[in-house]
Amino acid sequence: MREPVELRRQRILSVVESRGAVKVSVLAAELEVSVVTIRRDVEELTRVGRLRRGHGVARPVRETQPPASVPAPRGEEPGSDGGAVALVVPERHSYLYETLHGARTVLEESGMRIALHIAPQSAGAERPLVERALADGARGLLIAPRWRNARSEELDYGWLADVGVPTVLMERRPRPGSALHALDSVCSDHWYGTYLAVEHLVSLGHRRIVLAARDDSPTARSIRAAFAEIAAARPEVEDWSVVLSSPDAVPGPGPDSPAAEVSVAAAPPGPAADDRTALDLAALLRERSATAAVLHGDVDALMLVQRLAESGVEVPRDCSVVAYDDVVAALGSTPLTAVAPPKAEIGRAAAELLLHRLSGAVGAGTPVRRTELLPTLKVRGSAQAPTPPTE
């Protein structure tokens, strides 16, 4: 039989008055009702003056204050990260900002305070930020390191494995067998996203395809490797190549920053694109007799499409295009068909996993989770069947 509303609300009051601030999600779990129901109850109890409501938290009308002689615990000073979740993402990274906002939604609804740290583009920038957050008392960590090259990634493995608080990697998949292999992570399946792009173009009849992609992030490297594997395995694909999409799309100086390469199947290789100059995609398409291109990421894709138009190559009449990222692909003068990784959902899933680890509930110590979410393809008309050659 359903519990009477007044009895349920009395139980809410008892829990809150005995414990102080209590998360709405915790109340819902303990009373075995939905979060929506508890939220309505808390709103009504607040309206009649029996509770106070915060972001995802129910508070007693009068909270017990510690004696003036007792100092606040370390890490709980106003403005510190005490009791918060530290959220670390790179600066100027619109893709991961969508992931950040997905995590923020879940954390705020749970009543968890967020301490956001933006890592500058310099190498090793994340470590001091994390160390500062931990010194200030952060309870958990959500992080998406920049990892511009394999070396910078490996340098982070040791200290990230020993942070000492529950940690979830967002949109990053560490090298198998590394120190971070057994760290919780939530990531897009970029192999599948690349497969969607190639399959769409092949299904339209394209047989000669170029990938112009970045090479300065784990996502970029995953897409490049996946494209080479998928294109080489498809008998329909007569010719494929991989080049840099932008002169600044390389990992940076050092042994992990090779010049752009061209990988070719079923045709003699052409010259590699110069990683210090803008890609002449129109010339490459003519050289390889290619009729389609996959372009990563969105900003590079829109700029390349603009340069194609300046060279007299019209999308999709002369070249079909599929972008990868879908942050701004739909906003170009030619809205681009795009692979859309589930960016916000990655953040939400990562935050939910971290909250599970922090809850102390039965099962919170379950085995490490390496979660993959599948991208989708947003068809907008920048790809069509290749135009037959004129006689």
# chains A, B, ... in the order shown; residues from 1 in each chain; ligands from 1
>>> residues_around(residues="region 17-20 of chain A", least_positions_apart="4", cutoff="6 Å", atoms="only C-alpha atoms", output="PyMOL selection string")
chain A and resi 13+59-60
>>> write_last_selection(atoms="N, CA and C atoms", output="PDB file, in the first residue's frame")
ATOM      1  N   LEU A  13      11.424  14.890   7.513  1.00  0.00           N
ATOM      2  CA  LEU A  13      11.787  15.836   8.573  1.00  0.00           C
ATOM      3  C   LEU A  13      12.662  15.173   9.633  1.00  0.00           C
ATOM      4  N   ARG A  59      17.756  20.914   4.107  1.00  0.00           N
ATOM      5  CA  ARG A  59      18.423  21.330   5.335  1.00  0.00           C
ATOM      6  C   ARG A  59      17.404  21.626   6.423  1.00  0.00           C
ATOM      7  N   PRO A  60      17.771  21.398   7.688  1.00  0.00           N
ATOM      8  CA  PRO A  60      16.861  21.761   8.769  1.00  0.00           C
ATOM      9  C   PRO A  60      16.722  23.280   8.870  1.00  0.00           C
TER      10      PRO A  60
END
>>> residues_around(residues="region 193-195 of chain A", least_positions_apart="4", cutoff="12 Å", atoms="only C-alpha atoms", output="PyMOL selection string")
chain A and resi 187-189+199-203+211+213+219-234+293-296+322-326+338-342+372-378
>>> select_by_dssp(residues="region 67-285 of chain A", states="strand (DSSP E or B)", output="PyMOL selection string")
chain A and resi 85-90+114-119+140-143+167-170+184-188+208-213+239-244
>>> select_by_dssp(residues="region 124-306 of chain A", states="alpha helix (DSSP H)", output="ChimeraX atom specification")
/A:126-135,150-160,190-203,218-233,281-288,298-306
>>> closest_atom_pairs(of="region 127-188 of chain A", to="region 346-355 of chain A", cutoff="9 Å", atoms="only C-alpha atoms", output="CSV")
residue,atom,partner,partner_atom,distance
A:Gly140,CA,A:Leu354,CA,7.2
A:Leu141,CA,A:Leu354,CA,7.8
A:Leu142,CA,A:Ala351,CA,7.3
A:Pro166,CA,A:Leu354,CA,6.7
A:Thr167,CA,A:Leu354,CA,6.8
A:Val168,CA,A:Ala350,CA,6.2
A:Leu169,CA,A:Ala350,CA,7.5
A:Met170,CA,A:Ala350,CA,6.5
A:Glu171,CA,A:Ile346,CA,7.0
A:Asp184,CA,A:Leu353,CA,8.2
A:Ser185,CA,A:Ala350,CA,7.1
A:Val186,CA,A:Ala350,CA,5.8
A:Cys187,CA,A:Ile346,CA,6.4
A:Ser188,CA,A:Ile346,CA,7.2
>>> write_last_selection(atoms="all heavy atoms", output="short mmCIF file (atom, residue, chain, number, x, y, z; two decimals), in the first residue's frame")
data_model
loop_
_atom_site.label_atom_id
_atom_site.label_comp_id
_atom_site.auth_asym_id
_atom_site.auth_seq_id
_atom_site.Cartn_x
_atom_site.Cartn_y
_atom_site.Cartn_z
N GLY A 140 36.77 13.79 -4.45
CA GLY A 140 36.84 12.97 -5.65
C GLY A 140 37.31 13.81 -6.82
O GLY A 140 37.38 15.04 -6.74
N LEU A 141 37.63 13.13 -7.92
CA LEU A 141 38.22 13.81 -9.07
C LEU A 141 37.60 13.31 -10.37
O LEU A 141 37.56 12.10 -10.62
CB LEU A 141 39.73 13.56 -9.08
CG LEU A 141 40.53 14.05 -10.30
CD1 LEU A 141 40.48 15.57 -10.40
CD2 LEU A 141 41.98 13.56 -10.21
N LEU A 142 37.14 14.25 -11.19
CA LEU A 142 36.77 13.99 -12.58
C LEU A 142 37.76 14.74 -13.44
O LEU A 142 37.94 15.95 -13.27
CB LEU A 142 35.34 14.49 -12.87
CG LEU A 142 34.17 13.75 -12.24
CD1 LEU A 142 32.87 14.50 -12.52
CD2 LEU A 142 34.08 12.33 -12.78
N PRO A 166 38.64 8.72 -5.02
CA PRO A 166 37.97 8.16 -6.20
C PRO A 166 38.14 9.09 -7.41
O PRO A 166 37.93 10.30 -7.30
CB PRO A 166 36.51 8.06 -5.76
CG PRO A 166 36.58 7.90 -4.27
CD PRO A 166 37.74 8.75 -3.85
N THR A 167 38.53 8.50 -8.53
CA THR A 167 38.84 9.27 -9.73
C THR A 167 38.21 8.61 -10.94
O THR A 167 38.25 7.38 -11.07
CB THR A 167 40.37 9.37 -9.93
OG1 THR A 167 40.95 10.03 -8.81
CG2 THR A 167 40.72 10.13 -11.20
N VAL A 168 37.65 9.42 -11.84
CA VAL A 168 37.10 8.91 -13.10
C VAL A 168 37.67 9.74 -14.24
O VAL A 168 37.59 10.97 -14.24
CB VAL A 168 35.56 8.97 -13.12
CG1 VAL A 168 35.04 8.42 -14.46
CG2 VAL A 168 34.96 8.20 -11.95
N LEU A 169 38.26 9.07 -15.22
CA LEU A 169 38.73 9.72 -16.44
C LEU A 169 37.55 9.94 -17.38
O LEU A 169 36.74 9.04 -17.58
CB LEU A 169 39.77 8.86 -17.15
CG LEU A 169 41.17 8.78 -16.55
CD1 LEU A 169 41.98 7.72 -17.29
CD2 LEU A 169 41.87 10.13 -16.64
N MET A 170 37.48 11.12 -17.98
CA MET A 170 36.42 11.44 -18.94
C MET A 170 37.01 11.54 -20.34
O MET A 170 37.98 12.25 -20.56
CB MET A 170 35.74 12.75 -18.58
CG MET A 170 35.10 12.78 -17.21
SD MET A 170 34.18 14.32 -16.90
CE MET A 170 35.49 15.54 -17.01
N GLU A 171 36.43 10.80 -21.27
CA GLU A 171 36.81 10.82 -22.69
C GLU A 171 38.28 10.52 -22.89
O GLU A 171 38.94 11.03 -23.81
CB GLU A 171 36.44 12.17 -23.30
CG GLU A 171 36.25 12.15 -24.81
CD GLU A 171 35.16 11.20 -25.28
OE1 GLU A 171 35.33 9.98 -25.16
OE2 GLU A 171 34.12 11.68 -25.77
N ASP A 184 38.76 3.88 -13.18
CA ASP A 184 37.44 4.09 -13.79
C ASP A 184 37.54 5.09 -14.93
O ASP A 184 38.20 6.14 -14.80
CB ASP A 184 36.46 4.62 -12.75
CG ASP A 184 35.98 3.55 -11.78
OD1 ASP A 184 35.78 2.40 -12.21
OD2 ASP A 184 35.80 3.87 -10.59
N SER A 185 36.87 4.81 -16.04
CA SER A 185 36.87 5.75 -17.16
C SER A 185 35.57 5.62 -17.93
O SER A 185 34.95 4.55 -17.98
CB SER A 185 38.06 5.48 -18.09
OG SER A 185 38.01 4.17 -18.63
N VAL A 186 35.17 6.73 -18.52
CA VAL A 186 33.98 6.78 -19.39
C VAL A 186 34.40 7.48 -20.67
O VAL A 186 34.90 8.60 -20.64
CB VAL A 186 32.82 7.52 -18.72
CG1 VAL A 186 31.60 7.53 -19.64
CG2 VAL A 186 32.46 6.90 -17.37
N CYS A 187 34.21 6.80 -21.80
CA CYS A 187 34.77 7.29 -23.06
C CYS A 187 33.83 6.99 -24.22
O CYS A 187 33.05 6.04 -24.17
CB CYS A 187 36.12 6.61 -23.29
SG CYS A 187 37.08 7.22 -24.69
N SER A 188 33.91 7.81 -25.27
CA SER A 188 33.20 7.51 -26.51
C SER A 188 33.93 6.39 -27.24
O SER A 188 35.15 6.27 -27.17
CB SER A 188 33.15 8.74 -27.42
OG SER A 188 32.45 9.80 -26.83
#
>>> residues_around(residues="Gln384 (chain A)", least_positions_apart="4", cutoff="7 Å", atoms="only C-alpha atoms", output="list of chain:residue names")
A:Leu204, A:Pro316, A:Ser320
>>> residues_around(residues="Val313 (chain A)", least_positions_apart="2", cutoff="12 Å", atoms="only C-alpha atoms", output="PDB file with N, CA, C and O atoms, in the first residue's frame")
ATOM      1  N   ASP A 280      46.111  21.866 -48.541  1.00  0.00           N
ATOM      2  CA  ASP A 280      45.390  22.159 -49.785  1.00  0.00           C
ATOM      3  C   ASP A 280      44.550  20.929 -50.104  1.00  0.00           C
ATOM      4  O   ASP A 280      44.970  20.049 -50.854  1.00  0.00           O
ATOM      5  N   LEU A 281      43.363  20.874 -49.503  1.00  0.00           N
ATOM      6  CA  LEU A 281      42.519  19.686 -49.645  1.00  0.00           C
ATOM      7  C   LEU A 281      42.050  19.517 -51.076  1.00  0.00           C
ATOM      8  O   LEU A 281      41.958  18.387 -51.578  1.00  0.00           O
ATOM      9  N   ALA A 282      41.773  20.627 -51.762  1.00  0.00           N
ATOM     10  CA  ALA A 282      41.319  20.530 -53.155  1.00  0.00           C
ATOM     11  C   ALA A 282      42.375  19.844 -54.017  1.00  0.00           C
ATOM     12  O   ALA A 282      42.060  18.970 -54.832  1.00  0.00           O
ATOM     13  N   ALA A 283      43.643  20.212 -53.823  1.00  0.00           N
ATOM     14  CA  ALA A 283      44.723  19.599 -54.597  1.00  0.00           C
ATOM     15  C   ALA A 283      44.857  18.120 -54.252  1.00  0.00           C
ATOM     16  O   ALA A 283      45.081  17.279 -55.138  1.00  0.00           O
ATOM     17  N   LEU A 284      44.723  17.794 -52.983  1.00  0.00           N
ATOM     18  CA  LEU A 284      44.833  16.399 -52.579  1.00  0.00           C
ATOM     19  C   LEU A 284      43.701  15.562 -53.176  1.00  0.00           C
ATOM     20  O   LEU A 284      43.916  14.438 -53.633  1.00  0.00           O
ATOM     21  N   LEU A 285      42.490  16.114 -53.179  1.00  0.00           N
ATOM     22  CA  LEU A 285      41.356  15.390 -53.761  1.00  0.00           C
ATOM     23  C   LEU A 285      41.596  15.119 -55.244  1.00  0.00           C
ATOM     24  O   LEU A 285      41.321  14.011 -55.738  1.00  0.00           O
ATOM     25  N   ARG A 286      42.124  16.124 -55.943  1.00  0.00           N
ATOM     26  CA  ARG A 286      42.401  15.936 -57.369  1.00  0.00           C
ATOM     27  C   ARG A 286      43.496  14.883 -57.559  1.00  0.00           C
ATOM     28  O   ARG A 286      43.394  14.011 -58.421  1.00  0.00           O
ATOM     29  N   THR A 291      36.556  11.426 -53.869  1.00  0.00           N
ATOM     30  CA  THR A 291      35.242  12.078 -53.977  1.00  0.00           C
ATOM     31  C   THR A 291      34.626  12.380 -52.611  1.00  0.00           C
ATOM     32  O   THR A 291      33.527  12.936 -52.542  1.00  0.00           O
ATOM     33  N   ALA A 292      35.325  12.011 -51.526  1.00  0.00           N
ATOM     34  CA  ALA A 292      34.747  12.213 -50.194  1.00  0.00           C
ATOM     35  C   ALA A 292      35.862  12.419 -49.176  1.00  0.00           C
ATOM     36  O   ALA A 292      37.005  11.972 -49.364  1.00  0.00           O
ATOM     37  N   LEU A 304      38.208  24.029 -43.814  1.00  0.00           N
ATOM     38  CA  LEU A 304      38.573  23.296 -45.022  1.00  0.00           C
ATOM     39  C   LEU A 304      37.473  23.380 -46.074  1.00  0.00           C
ATOM     40  O   LEU A 304      37.756  23.510 -47.277  1.00  0.00           O
ATOM     41  N   VAL A 305      36.219  23.315 -45.643  1.00  0.00           N
ATOM     42  CA  VAL A 305      35.109  23.436 -46.596  1.00  0.00           C
ATOM     43  C   VAL A 305      35.109  24.829 -47.221  1.00  0.00           C
ATOM     44  O   VAL A 305      34.846  24.992 -48.430  1.00  0.00           O
ATOM     45  N   GLN A 306      35.408  25.857 -46.417  1.00  0.00           N
ATOM     46  CA  GLN A 306      35.508  27.212 -46.969  1.00  0.00           C
ATOM     47  C   GLN A 306      36.607  27.291 -48.031  1.00  0.00           C
ATOM     48  O   GLN A 306      36.417  27.901 -49.107  1.00  0.00           O
ATOM     49  N   ARG A 307      37.756  26.673 -47.746  1.00  0.00           N
ATOM     50  CA  ARG A 307      38.855  26.712 -48.708  1.00  0.00           C
ATOM     51  C   ARG A 307      38.533  25.901 -49.963  1.00  0.00           C
ATOM     52  O   ARG A 307      38.973  26.253 -51.064  1.00  0.00           O
ATOM     53  N   LEU A 308      37.775  24.820 -49.795  1.00  0.00           N
ATOM     54  CA  LEU A 308      37.332  24.075 -50.980  1.00  0.00           C
ATOM     55  C   LEU A 308      36.492  24.967 -51.884  1.00  0.00           C
ATOM     56  O   LEU A 308      36.670  24.974 -53.111  1.00  0.00           O
ATOM     57  N   ALA A 309      35.562  25.715 -51.270  1.00  0.00           N
ATOM     58  CA  ALA A 309      34.704  26.607 -52.060  1.00  0.00           C
ATOM     59  C   ALA A 309      35.541  27.652 -52.797  1.00  0.00           C
ATOM     60  O   ALA A 309      35.281  27.975 -53.964  1.00  0.00           O
ATOM     61  N   GLU A 310      36.574  28.182 -52.113  1.00  0.00           N
ATOM     62  CA  GLU A 310      37.448  29.176 -52.757  1.00  0.00           C
ATOM     63  C   GLU A 310      38.223  28.569 -53.926  1.00  0.00           C
ATOM     64  O   GLU A 310      38.608  29.286 -54.855  1.00  0.00           O
ATOM     65  N   SER A 311      38.430  27.253 -53.884  1.00  0.00           N
ATOM     66  CA  SER A 311      39.147  26.557 -54.970  1.00  0.00           C
ATOM     67  C   SER A 311      38.193  26.028 -56.037  1.00  0.00           C
ATOM     68  O   SER A 311      38.622  25.303 -56.945  1.00  0.00           O
ATOM     69  N   VAL A 315      30.743  21.508 -52.027  1.00  0.00           N
ATOM     70  CA  VAL A 315      30.256  20.432 -51.155  1.00  0.00           C
ATOM     71  C   VAL A 315      28.731  20.507 -51.113  1.00  0.00           C
ATOM     72  O   VAL A 315      28.174  21.575 -50.870  1.00  0.00           O
ATOM     73  N   PRO A 316      28.021  19.394 -51.414  1.00  0.00           N
ATOM     74  CA  PRO A 316      28.529  18.034 -51.638  1.00  0.00           C
ATOM     75  C   PRO A 316      28.655  17.635 -53.108  1.00  0.00           C
ATOM     76  O   PRO A 316      28.971  16.485 -53.390  1.00  0.00           O
ATOM     77  N   ARG A 317      28.419  18.577 -54.038  1.00  0.00           N
ATOM     78  CA  ARG A 317      28.392  18.191 -55.453  1.00  0.00           C
ATOM     79  C   ARG A 317      29.724  17.576 -55.894  1.00  0.00           C
ATOM     80  O   ARG A 317      29.754  16.516 -56.536  1.00  0.00           O
ATOM     81  N   ASP A 318      30.846  18.248 -55.546  1.00  0.00           N
ATOM     82  CA  ASP A 318      32.155  17.787 -55.994  1.00  0.00           C
ATOM     83  C   ASP A 318      32.887  16.950 -54.952  1.00  0.00           C
ATOM     84  O   ASP A 318      33.784  16.174 -55.294  1.00  0.00           O
ATOM     85  N   CYS A 319      32.515  17.122 -53.703  1.00  0.00           N
ATOM     86  CA  CYS A 319      33.158  16.361 -52.621  1.00  0.00           C
ATOM     87  C   CYS A 319      32.167  16.220 -51.476  1.00  0.00           C
ATOM     88  O   CYS A 319      31.661  17.223 -50.966  1.00  0.00           O
ATOM     89  N   SER A 320      31.886  15.000 -51.085  1.00  0.00           N
ATOM     90  CA  SER A 320      31.043  14.757 -49.918  1.00  0.00           C
ATOM     91  C   SER A 320      31.894  14.850 -48.656  1.00  0.00           C
ATOM     92  O   SER A 320      33.064  14.436 -48.648  1.00  0.00           O
ATOM     93  N   VAL A 321      31.303  15.395 -47.581  1.00  0.00           N
ATOM     94  CA  VAL A 321      32.051  15.633 -46.349  1.00  0.00           C
ATOM     95  C   VAL A 321      31.279  15.109 -45.147  1.00  0.00           C
ATOM     96  O   VAL A 321      30.067  15.329 -45.020  1.00  0.00           O
TER      97      VAL A 321
END
